[in-house]
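Since the structure comes first, as structure tokens, the remarks are kept for the end.
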Amino acid sequence: MNLRAPRISLDQWTTLVSVVEAGGYAKAAERLNKSQSTLTYAIQKLEELLAVKVFEIKGRKAVLTPTGELLYRRGKTLLEEAARLEHAAGELAQGWEPEIRLAVEIIFPTWLLLKCLGEFAKERPETRIELIESVLGGTDEALAQRNVDFAIGSSIPAGFVGDALMPVRMLCTAAPSHPLHKLGRALTLDDLREHRHLVIRDSGVQRSRAGGWLNEMRWTVSHKATSIRAAVMGLGYAWYAEDSCREELERGALEPLPLREGGERTGTLYLIFADRDSAGLGARRLTEIIREEVRRACASQAT
């Protein structure tokens, strides 16, 4: 693609925008620390190069023509984009990467993850986020293949180190109408084996980690929302992170199954860098925010 050099310079666009927003040449000249004649010449040159009229005289005042209105709006957008470009270049020079890639296991609270990303976005609104919502081995693979800068996972794969981030409580649940609830007694694993187990598919290509299946009577889906919806409809039972189904539990759409043992599982989520030494400033800052927000959330739930 051959790009032709623009005929209008950023300085000329700056002059146009300043004259419009300052309300005239005199105030714009003060703002830009230039002579009024210099600004007048810049606008005349712009009109000449584009073969248009930017201002017209109405009474004793120069006002924008319809074409001038368009040029003003587009010129302002162009200047804002140029400023963003310069800012981004400065960030890169300081080590702030343009994109952060992370893998987060689906048992991490979605609301909390989005809160963390939102807080980061307030500081670095132009940084792109590439999020992999992973399951089991998918987290390990994302780290091993260096597809992410860091991950939040339920285990630390061989060859990596990580820090404990937060505990996760898993509950075995089903809809109140499910036959397992109708038994009216403590349930055994043999009871569970007679009913459909709802499983969320391992997102890893190799399917390297077992999903804790109890029997062959199961449905495997890709998203936790699908699994929870199926459970609410009475189509099976499943273990969910308590936070993932809190709303359904509170409104009675799901209820914990009264298992004799194993009805609750407590795990730990870890924060793991793919390569801590090469992590950019953005990835490091985002992990700081995640740690702080998780600490606050856990402290709030404890009180």
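Identifiers in this document derive from the order of the structure tokens: chains are assigned A, B, ..., residues are numbered from 1 separately in each chain, and ligands are numbered from 1 in order of occurrence.
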Identify all residues of segment 36-276 of chain A in helix (DSSP H, G or I) (DSSP on the backbone) and supply them as a PyMOL selection string. chain A and resi 36-50+66-94+110-123+137-144+179-182+189-193+224-232+242-250+276
Do a neighbour search on Arg285 of chain A at 8 Å with only C-alpha atoms, toss out local chain neighbours closer than 4 positions, and write the hits as a VMD selection string. chain A and resid 120 281 289
Prev. selection, C-alpha atoms, output as a PDB file, in the first residue's frame:
ATOM      1  CA  PHE A 120      -6.410  -1.640  35.553  1.00  0.00           C
ATOM      2  CA  LEU A 281       5.253  -3.361  33.629  1.00  0.00           C
ATOM      3  CA  ILE A 289      -4.264  -5.120  41.371  1.00  0.00           C
TER       4      ILE A 289
END
Would you kindly return, as a ChimeraX atom specification, each protein, DNA or RNA residue with an atom no farther than 8 Å from any atom of Asp149 of chain A, considering only C-alpha atoms and excluding same-chain residues fewer than 2 positions away? /A:100-102,143,146-147,151,273-275,279,283
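Look at Glu133 of chain A: the protein and nucleic acid residues within 12 Å of it, using only C-alpha atoms and passing over chain neighbours fewer than 4 places away, are Arg101, Leu102, Ala103, Val104, Glu105, Ile106, Ile107, Phe108, Pro109, Thr110, Leu113, Gly137, Gly138, Thr139, Ala142, Val148, Ala151, Ile152, Gly153, Ile200, Arg201, Asp202, Ser203, Gly204, Ser222, His223 and Lys224 of chain A.
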Between atom CA of Val63 of chain A and atom CA of Thr38 of chain A, distance in Å (one decimal): 19.1 Å
Set the distance at 12 Å and use only C-alpha atoms: which residues neighbour Leu10 of chain A once local chain neighbours fewer than 4 positions away are removed? I'd like the list as a list in words.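 Neighbouring residues, sequence-local ones excluded: Ala5, Pro6, Thr14, Thr15, Leu16, Val17, Ser18, Ala42, Leu46, Arg74, Gly75, Lys76, Thr77, Leu78, Leu79, Glu80, Glu81, Ala82 and Ala83 of chain A.
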Would you mind reading off the distance between atom CA of Thr226 of chain A and atom CA of Leu136 of chain A, one decimal, in Å? 17.3 Å
